[in-house]
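*Asks:* Sharing a structure below in structure tokens format, with a few things to ask.
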Amino acid sequence: MTEYNKEELERFAANIRLKTLGAITKRGFGHVGGAMSIADVLAALYGYVMRIDPKNPSWEERDWLVCSKGHAGPALYAALAIKGYFDEKVLDTLNRGGTILPSHCDRNKTPGIDMTTGSLGQGISTAIGVALGNRLDNKDNYTYLILGDGELNEGQIWEGAMFANHFKLDNLIVFVDYNKQQLDGYTKDIMDIGDIGAKFAAFGWDVIKVDGHNPAAICDAVKEAKSAAGKPSVIILDTFKGRGCTFAEGLLDNHHMVVSEEQGRTAMDAVRQKLSELE
Amino acid sequence: MGISIAKDIKNDMEMMRAAYCNTLIEIADKDKRVVVLDADLMKSMGMIPFLKAHPSRTFNCGVQEANMIGVACGLSATGKVPFAHTFGPFATRRCFDQIFLSAAYARLNIRITGSDPGITAAYNGGTHMPFEDMGLMRCIPGATLIEPTDCVMLKDLLWQIKDMYGVFYIRIQRKEPKMIYKPGSVFTIGKGIVLKDGADVTLIASGLLVSDALEAARLLEEKGVSARVVNMFTWKPVDRELIEKCAAETGAIVTVENHNIINGLGSAVAEVIAENKPVPMERIGSQDRFGEVGNVDYLKKAFNMTADDIAKAARKVVRRKIGE
């Protein structure tokens, strides 16, 4: 595996934000906050970490990604389009009748989407099944899973946490998008999840904490996670909901937003400015 | 090879769960894709021999029904053929959203076995007595629902389902069923079976109560009523053609199910005849009641599912037909 290029990953992340905002602005509404907060982990995954072939999305030796916070689909679609899974023009059809890009991830509609998600908590179980299945076939690929922090409210997450440790799934690497917000407000006010790292550690997991808006650091964290033999790893991404979007970052109500053309234009200009600084 | 019906209806010497386990061992011997999941009921289901035969392909998920269904879905995404078991209520209502979304909506390929249907939950009582499992599963687009009648049918259907694709719900009792079919019979999913011909009324029955429906037909014969008996082991897709034919030829129908009459076999049959060939109909089954503890004979009486109850319903529906 070649070394990653830090600036290239940051440009990829900025491009994911730009295209996500473009698609959501065109539609006029969408899950802005949670899409923006995972742009950097997606850049790390699709820009460096994952073994993939965009021309062959169902390649049997590929690494898998389950985006359990299915509402962040638009950011994932942007990453997939940039990687060439489908034409970038398709992003303009986001959430329109007949689209291949529905609001929540759907494995039957979108090339490169490995699992259907949308009902929170379910992705951990399906990701575990994928990891088990690949291990049964003696494959050396990894299954990656992105969970929201609000999603950790779901009991199914902790069933999965217990299971993955029991079955020693070291081919499963989980990211928690720790942006401290859920739909109705701050997680500490709505349903305080406490110390996420301590909770996973108590379930026997390898726990790593990292700046979730630093793709290079995320790549390093994955390398560290891969060295944890005999147990699953969780990488807690310290993030901000709506990160990098002028009209969303720092707002409490940024889970699902109506976006005007003006807001979208301003936000995309800011991302373009960031991109030019990275050139 | 067709279907042959046993001459005398006796208790099967083989427990349904033994037939389930032994068949899955044979299937897994032949097909490396097959995996088994359970939620801490492997001993209850008699699945320890499977664990011994195929330890690497057995996943005891502990008491985690929702997670188990999701794990089965993930396994199927990698090409595995999962059979996941727990008691009927937990296999369906406990993890309905997981079955709906992770399995069916995602178009993955899983088989869910729910044991102890309806009154066969017996001493586990109302908390464990699923009169709603098939009803829940019926709402899931594209799901296939079967209630194998005896060990012969179960074995044949397990082999067939192994090579089919989609979401399957297999509803089976664990103990000795009545043996209805001769070994070697081959069944067709979606096709009901006429066990006995008759002209005045059709009894459409499933599972445990098939033998009671046959006994009811005998009682009716003594009273001069000619009852046809159909084993409708596939609840979805239900055999519309046979239902319409029976409605047309006998003009009266009684459905017999070990389940709530709401959204069960009675509902499925009623939908077909109401749309195509309306005839008088009665439904034997739980009349929208919760379960309770007791042995199966007690519960049959408590829920009016006995051969006498079925015969009574048949006489009533025949009277309605002739306008008495």
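As shown in the structure tokens, the chain order sets the letters A, B, ...; within each chain, residues go from 1, and ligands are also counted from 1 in the order they appear.
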Dump as a tab-separated table the rows for residues of chain A within 8 Å of chain B: closest atom pair and distance in Å with one decimal, only C-alpha atoms counted, ordered by chain and rising residue number.
*Replies:*
residue	atom	partner	partner_atom	distance
A:Asp106	CA	B:Ala106	CA	7.0
A:Arg107	CA	B:Ala106	CA	6.7
A:Asn108	CA	B:Ala106	CA	6.9
A:Met115	CA	B:Ala106	CA	7.4
A:Thr116	CA	B:Ala106	CA	5.4
A:Thr117	CA	B:Ser102	CA	7.1
A:Ser119	CA	B:Leu101	CA	7.4
A:Gln122	CA	B:Gly70	CA	6.5
A:Gly123	CA	B:Gly70	CA	7.7
A:Ile124	CA	B:Gly70	CA	7.9
A:Ser125	CA	B:Gly70	CA	4.5
A:Thr126	CA	B:Gly74	CA	4.1
A:Ala127	CA	B:Gly74	CA	6.0
A:Ile128	CA	B:Val71	CA	5.8
A:Gly129	CA	B:Gly74	CA	3.8
A:Val130	CA	B:Gly74	CA	4.4
A:Ala131	CA	B:Gly74	CA	7.8
A:Leu132	CA	B:Leu75	CA	6.7
A:Gly133	CA	B:Leu75	CA	4.9
A:Asn134	CA	B:Thr78	CA	6.7
A:Leu136	CA	B:Ser56	CA	7.7
A:Gln156	CA	B:Asn67	CA	6.2
A:Glu159	CA	B:Asn67	CA	6.2
A:Gly160	CA	B:Asn67	CA	6.2
A:Phe163	CA	B:Cys61	CA	7.0
*Asks:* Might you pull out every residue within 8 Å of segment 141-154 of chain A, with only C-alpha atoms counted and same-chain residues fewer than 6 positions away left off, and present them as a PyMOL selection string?
*Replies:* chain A and resi 51+61-69+120-121+123-124+127+130-131+134+171-183+187+191+193
*Asks:* Which residues come within 12 Å of Gln160 of chain B, counting only C-alpha atoms, excluding same-chain residues fewer than 5 positions away, as a PyMOL selection string?
*Replies:* chain B and resi 23-24+27+111+153-155+165+168+186-189
*Asks:* Can you tell me, as a compact mmCIF listing (two decimals) with N, CA and C atoms, in the first residue's frame, what residues are no more than 10 Å from Ser227 of chain A when counting only C-alpha atoms, ignoring any on the same chain fewer than 5 positions away?
*Replies:*
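Output below, filename selection-v1.txt:
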# COMPACT_ATOMS: atom_id res chain seq x y z
N ASP A 170 -11.86 -9.20 14.07
CA ASP A 170 -10.84 -8.17 13.85
C ASP A 170 -10.78 -7.70 12.40
N ASP A 206 -11.10 -2.73 20.81
CA ASP A 206 -9.96 -1.84 20.67
C ASP A 206 -10.53 -0.45 20.37
N VAL A 222 -6.74 3.90 11.17
CA VAL A 222 -7.14 2.61 10.58
C VAL A 222 -5.97 1.64 10.61
N SER A 233 -12.39 -3.21 16.24
CA SER A 233 -11.90 -1.88 16.61
C SER A 233 -12.97 -0.84 16.36
*Asks:* Apply DSSP to the backbone of this structure and, from segment 22-246 of chain A, keep only the residues in helix (DSSP H, G or I); write these as a ChimeraX atom specification.
*Replies:* /A:22-27,32-36,39-49,70-83,88-93,122-136,150-153,155-166,187-190,196-202,215-226
*Asks:* Residues at most 12 Å from Leu80 of chain A, counting only C-alpha atoms, excluding those fewer than 4 positions away in the same chain, as a PyMOL selection string?
*Replies:* chain A and resi 12+15-16+19-20+39+42-43+45-47+52-55+57+65+73-76+84-88+90-91+101+110-114
*Asks:* Would you mind exporting the chosen residues as a PDB file, in the first residue's frame, restricted to C-alpha atoms?
*Replies:*
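File written: out-v6.pdb
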ATOM      1  CA  PHE A  12     -11.052  14.863  -1.817  1.00  0.00           C
ATOM      2  CA  ASN A  15     -14.823  17.887  -3.126  1.00  0.00           C
ATOM      3  CA  ILE A  16     -17.168  15.516  -1.290  1.00  0.00           C
ATOM      4  CA  LYS A  19     -20.740  17.883  -4.470  1.00  0.00           C
ATOM      5  CA  THR A  20     -22.913  16.956  -1.510  1.00  0.00           C
ATOM      6  CA  ALA A  39     -16.906  13.876   4.532  1.00  0.00           C
ATOM      7  CA  LEU A  42     -15.191   9.083   3.483  1.00  0.00           C
ATOM      8  CA  ALA A  43     -12.181  10.803   1.903  1.00  0.00           C
ATOM      9  CA  LEU A  45     -11.799   5.450   3.159  1.00  0.00           C
ATOM     10  CA  TYR A  46     -12.297   5.977  -0.573  1.00  0.00           C
ATOM     11  CA  GLY A  47      -9.108   7.992  -1.075  1.00  0.00           C
ATOM     12  CA  ILE A  52     -12.112  -1.115  -4.138  1.00  0.00           C
ATOM     13  CA  ASP A  53     -12.709  -1.235  -7.857  1.00  0.00           C
ATOM     14  CA  PRO A  54     -15.214   1.429  -8.923  1.00  0.00           C
ATOM     15  CA  LYS A  55     -15.649  -0.354 -12.265  1.00  0.00           C
ATOM     16  CA  PRO A  57     -18.601  -2.512  -7.373  1.00  0.00           C
ATOM     17  CA  LEU A  65     -18.604  -0.172   3.794  1.00  0.00           C
ATOM     18  CA  GLY A  73     -26.137   8.867   1.938  1.00  0.00           C
ATOM     19  CA  PRO A  74     -25.637  12.109  -0.035  1.00  0.00           C
ATOM     20  CA  ALA A  75     -22.027  12.452   1.173  1.00  0.00           C
ATOM     21  CA  LEU A  76     -21.362   8.830   0.299  1.00  0.00           C
ATOM     22  CA  GLY A  84     -16.261   6.952 -10.830  1.00  0.00           C
ATOM     23  CA  TYR A  85     -18.882   4.451  -9.615  1.00  0.00           C
ATOM     24  CA  PHE A  86     -21.394   6.478 -11.631  1.00  0.00           C
ATOM     25  CA  ASP A  87     -21.531   9.755 -13.503  1.00  0.00           C
ATOM     26  CA  GLU A  88     -21.309  12.874 -11.337  1.00  0.00           C
ATOM     27  CA  VAL A  90     -26.450  11.656 -11.431  1.00  0.00           C
ATOM     28  CA  LEU A  91     -25.899  13.573  -8.162  1.00  0.00           C
ATOM     29  CA  LEU A 101     -29.802   8.132  -5.094  1.00  0.00           C
ATOM     30  CA  THR A 110     -26.790   2.706  -6.115  1.00  0.00           C
ATOM     31  CA  PRO A 111     -23.555   1.222  -7.535  1.00  0.00           C
ATOM     32  CA  GLY A 112     -21.041   1.012  -4.698  1.00  0.00           C
ATOM     33  CA  ILE A 113     -23.545   0.992  -1.843  1.00  0.00           C
ATOM     34  CA  ASP A 114     -22.873  -2.277  -0.040  1.00  0.00           C
TER      35      ASP A 114
END
*Asks:* For Ala217 of chain A, list every protein, DNA or RNA residue within 12 Å, evaluated using only C-alpha atoms, and leave out those in the same chain fewer than 3 positions away; present the list as a short mmCIF file (atom, residue, chain, number, x, y, z; two decimals) with C-alpha atoms, in the first residue's frame.
*Replies:*
data_model
loop_
_atom_site.label_atom_id
_atom_site.label_comp_id
_atom_site.auth_asym_id
_atom_site.auth_seq_id
_atom_site.Cartn_x
_atom_site.Cartn_y
_atom_site.Cartn_z
CA TYR A 4 -1.33 8.59 1.38
CA ASN A 5 -1.06 12.16 0.22
CA LYS A 6 -2.39 14.39 2.99
CA LEU A 9 -7.15 13.54 0.85
CA GLU A 10 -8.11 16.99 2.07
CA ASP A 40 -13.40 13.44 5.94
CA VAL A 41 -13.75 9.80 6.94
CA ALA A 43 -12.18 10.80 1.90
CA ALA A 44 -9.87 8.63 4.00
CA LEU A 45 -11.80 5.45 3.16
CA TYR A 48 -6.72 5.61 0.62
CA VAL A 49 -7.96 2.97 3.05
CA ILE A 208 -9.01 4.70 19.08
CA LYS A 209 -9.90 8.40 19.19
CA VAL A 210 -9.00 10.74 16.38
CA ASP A 211 -9.76 14.15 14.89
CA GLY A 212 -12.59 13.21 12.57
CA HIS A 213 -11.87 16.11 10.25
CA ASN A 214 -8.29 15.06 9.53
CA ASP A 220 -3.27 6.36 10.56
CA ALA A 221 -6.00 5.34 12.98
CA VAL A 222 -7.14 2.61 10.58
CA LYS A 223 -3.59 1.28 10.37
CA GLU A 224 -3.51 1.13 14.14
CA ILE A 235 -12.44 4.64 15.85
CA ILE A 236 -14.23 7.53 17.49
CA LEU A 237 -14.22 10.47 15.12
CA ASP A 238 -14.27 13.77 16.95
#
*Asks:* When you draw a straight line from atom CA of Ala252 of chain B to atom CA of Ile322 of chain B, how long is it in Å?
*Replies:*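 A separation of 9.7 Å between them.
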*Asks:* Residues near Val225 of chain B, anyone? I mean within 10 Å using only C-alpha atoms, not counting same-chain ones fewer than 6 positions away, as a list in words.
*Replies:*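 Returned residues: Gly198, Ala199, Asp200, Val201, Ala217, Arg218, Leu219, Ala311, Ala314, Arg315 and Val318 of chain B.
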*Asks:* For the atom pair atom CA of Ala81 of chain A and atom CA of Phe240 of chain A, what is the interatomic distance in Å to one decimal place?
*Replies:*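 The value is 24.0 Å.
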*Asks:* Name the closest residue to Lys30 of chain B among the candidates B:Ile110, B:Asp150, B:Lys162, B:Thr92; distances are taken between atoms, counting only C-alpha atoms.
*Replies:*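 Distance minimum relative to Lys30 of chain B lands on B:Lys162.
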*Asks:* Could you pull out all residues of segment 59-256 of chain B with a DSSP call of strand (DSSP E or B) and give them as a ChimeraX atom specification?
*Replies:* /B:59-60,81-87,110-115,144-146,167-172,178-181,193-196,201-205,227-231,234-236,253-256
*Asks:* Would you write out those residues with N, CA and C atoms, as a compact mmCIF listing (two decimals), in the first residue's frame?
*Replies:*
# COMPACT_ATOMS: atom_id res chain seq x y z
N PHE B 59 -23.75 -20.19 14.31
CA PHE B 59 -23.58 -18.95 15.06
C PHE B 59 -24.68 -18.84 16.11
N ASN B 60 -24.31 -19.17 17.33
CA ASN B 60 -25.27 -18.95 18.41
C ASN B 60 -25.13 -17.49 18.82
N VAL B 81 -26.09 -18.87 2.82
CA VAL B 81 -27.52 -19.20 2.85
C VAL B 81 -27.92 -19.47 4.30
N PRO B 82 -28.37 -18.42 5.00
CA PRO B 82 -28.63 -18.58 6.44
C PRO B 82 -30.02 -19.13 6.77
N PHE B 83 -30.03 -20.00 7.78
CA PHE B 83 -31.26 -20.45 8.43
C PHE B 83 -31.18 -19.95 9.87
N ALA B 84 -32.06 -19.05 10.26
CA ALA B 84 -32.02 -18.48 11.61
C ALA B 84 -33.26 -18.93 12.39
N HIS B 85 -33.04 -19.45 13.58
CA HIS B 85 -34.18 -19.95 14.36
C HIS B 85 -34.30 -19.29 15.72
N THR B 86 -35.51 -19.06 16.13
CA THR B 86 -35.85 -18.84 17.53
C THR B 86 -37.35 -19.14 17.65
N PHE B 87 -37.89 -19.00 18.85
CA PHE B 87 -39.34 -19.20 18.99
C PHE B 87 -40.09 -18.19 18.10
N ILE B 110 -32.73 -14.70 3.28
CA ILE B 110 -32.65 -15.37 4.59
C ILE B 110 -33.88 -16.25 4.84
N ARG B 111 -33.66 -17.29 5.64
CA ARG B 111 -34.74 -18.18 6.07
C ARG B 111 -34.87 -18.04 7.57
N ILE B 112 -36.08 -17.75 8.02
CA ILE B 112 -36.32 -17.59 9.45
C ILE B 112 -37.26 -18.72 9.88
N THR B 113 -36.83 -19.45 10.88
CA THR B 113 -37.67 -20.53 11.39
C THR B 113 -38.22 -20.12 12.75
N GLY B 114 -39.54 -20.07 12.84
CA GLY B 114 -40.19 -19.74 14.11
C GLY B 114 -40.83 -21.01 14.67
N SER B 115 -40.37 -21.44 15.84
CA SER B 115 -40.92 -22.68 16.39
C SER B 115 -41.99 -22.39 17.44
N THR B 144 -42.14 -15.24 1.66
CA THR B 144 -42.80 -16.53 1.48
C THR B 144 -43.04 -17.14 2.85
N LEU B 145 -44.29 -17.54 3.12
CA LEU B 145 -44.66 -18.06 4.44
C LEU B 145 -45.14 -19.50 4.31
N ILE B 146 -44.47 -20.41 5.02
CA ILE B 146 -44.93 -21.79 4.97
C ILE B 146 -45.06 -22.36 6.38
N VAL B 167 -36.96 -13.80 1.32
CA VAL B 167 -37.21 -13.92 2.76
C VAL B 167 -38.26 -15.02 2.96
N PHE B 168 -37.89 -16.02 3.74
CA PHE B 168 -38.78 -17.16 3.99
C PHE B 168 -39.05 -17.27 5.48
N TYR B 169 -40.30 -17.50 5.83
CA TYR B 169 -40.63 -17.78 7.22
C TYR B 169 -41.19 -19.19 7.30
N ILE B 170 -40.53 -20.01 8.12
CA ILE B 170 -40.90 -21.42 8.26
C ILE B 170 -41.45 -21.60 9.67
N ARG B 171 -42.73 -21.95 9.76
CA ARG B 171 -43.40 -22.04 11.05
C ARG B 171 -43.55 -23.51 11.41
N ILE B 172 -42.83 -23.95 12.44
CA ILE B 172 -42.93 -25.38 12.78
C ILE B 172 -43.05 -25.63 14.27
N LYS B 178 -48.58 -35.03 13.65
CA LYS B 178 -49.30 -36.15 13.04
C LYS B 178 -48.69 -36.37 11.66
N MET B 179 -48.47 -37.62 11.34
CA MET B 179 -47.86 -37.92 10.04
C MET B 179 -48.95 -38.00 8.99
N ILE B 180 -48.94 -37.05 8.09
CA ILE B 180 -49.99 -36.95 7.07
C ILE B 180 -49.51 -37.53 5.74
N TYR B 181 -48.24 -37.33 5.45
CA TYR B 181 -47.72 -37.70 4.13
C TYR B 181 -46.76 -38.88 4.21
N ILE B 193 -52.91 -28.67 -1.05
CA ILE B 193 -53.07 -30.11 -1.32
C ILE B 193 -54.47 -30.55 -0.90
N VAL B 194 -55.18 -31.18 -1.82
CA VAL B 194 -56.50 -31.72 -1.47
C VAL B 194 -56.26 -33.08 -0.81
N LEU B 195 -56.51 -33.16 0.50
CA LEU B 195 -56.27 -34.40 1.24
C LEU B 195 -57.46 -35.33 1.14
N LYS B 196 -58.64 -34.75 0.98
CA LYS B 196 -59.85 -35.56 0.90
C LYS B 196 -60.85 -34.77 0.07
N VAL B 201 -68.68 -28.64 1.41
CA VAL B 201 -67.92 -27.58 2.10
C VAL B 201 -66.43 -27.93 1.99
N THR B 202 -65.58 -26.89 1.99
CA THR B 202 -64.13 -27.16 2.00
C THR B 202 -63.54 -26.66 3.32
N LEU B 203 -62.79 -27.55 3.96
CA LEU B 203 -62.05 -27.17 5.16
C LEU B 203 -60.62 -26.87 4.72
N ILE B 204 -60.19 -25.63 4.86
CA ILE B 204 -58.82 -25.25 4.44
C ILE B 204 -57.99 -25.10 5.70
N ALA B 205 -57.06 -26.04 5.90
CA ALA B 205 -56.36 -26.14 7.18
C ALA B 205 -54.85 -26.07 7.00
N ALA B 227 -67.36 -33.21 3.21
CA ALA B 227 -66.38 -32.12 3.37
C ALA B 227 -65.09 -32.42 2.63
N ARG B 228 -64.64 -31.45 1.87
CA ARG B 228 -63.32 -31.52 1.23
C ARG B 228 -62.30 -30.95 2.22
N VAL B 229 -61.12 -31.55 2.27
CA VAL B 229 -60.08 -31.04 3.17
C VAL B 229 -58.85 -30.65 2.35
N VAL B 230 -58.43 -29.41 2.53
CA VAL B 230 -57.25 -28.89 1.84
C VAL B 230 -56.19 -28.54 2.87
N ASN B 231 -54.97 -28.96 2.62
CA ASN B 231 -53.84 -28.53 3.44
C ASN B 231 -53.18 -27.33 2.74
N THR B 234 -48.78 -23.28 2.38
CA THR B 234 -48.19 -21.99 2.01
C THR B 234 -49.23 -20.90 2.24
N TRP B 235 -48.94 -19.99 3.14
CA TRP B 235 -49.89 -18.91 3.43
C TRP B 235 -49.65 -17.73 2.51
N LYS B 236 -48.43 -17.63 2.01
CA LYS B 236 -48.10 -16.57 1.06
C LYS B 236 -46.94 -17.05 0.21
N ILE B 253 -66.82 -22.43 2.76
CA ILE B 253 -65.43 -22.65 3.19
C ILE B 253 -65.30 -22.42 4.70
N VAL B 254 -64.52 -23.29 5.34
CA VAL B 254 -64.10 -23.07 6.73
C VAL B 254 -62.57 -23.08 6.73
N THR B 255 -61.97 -22.02 7.26
CA THR B 255 -60.51 -22.02 7.40
C THR B 255 -60.16 -22.46 8.81
N VAL B 256 -59.05 -23.17 8.93
CA VAL B 256 -58.66 -23.78 10.20
C VAL B 256 -57.19 -23.47 10.45
*Asks:* Quick one, how far is atom CA of Gly155 of chain A from atom CA of Lys199 of chain A?
*Replies:* 13.0 Å
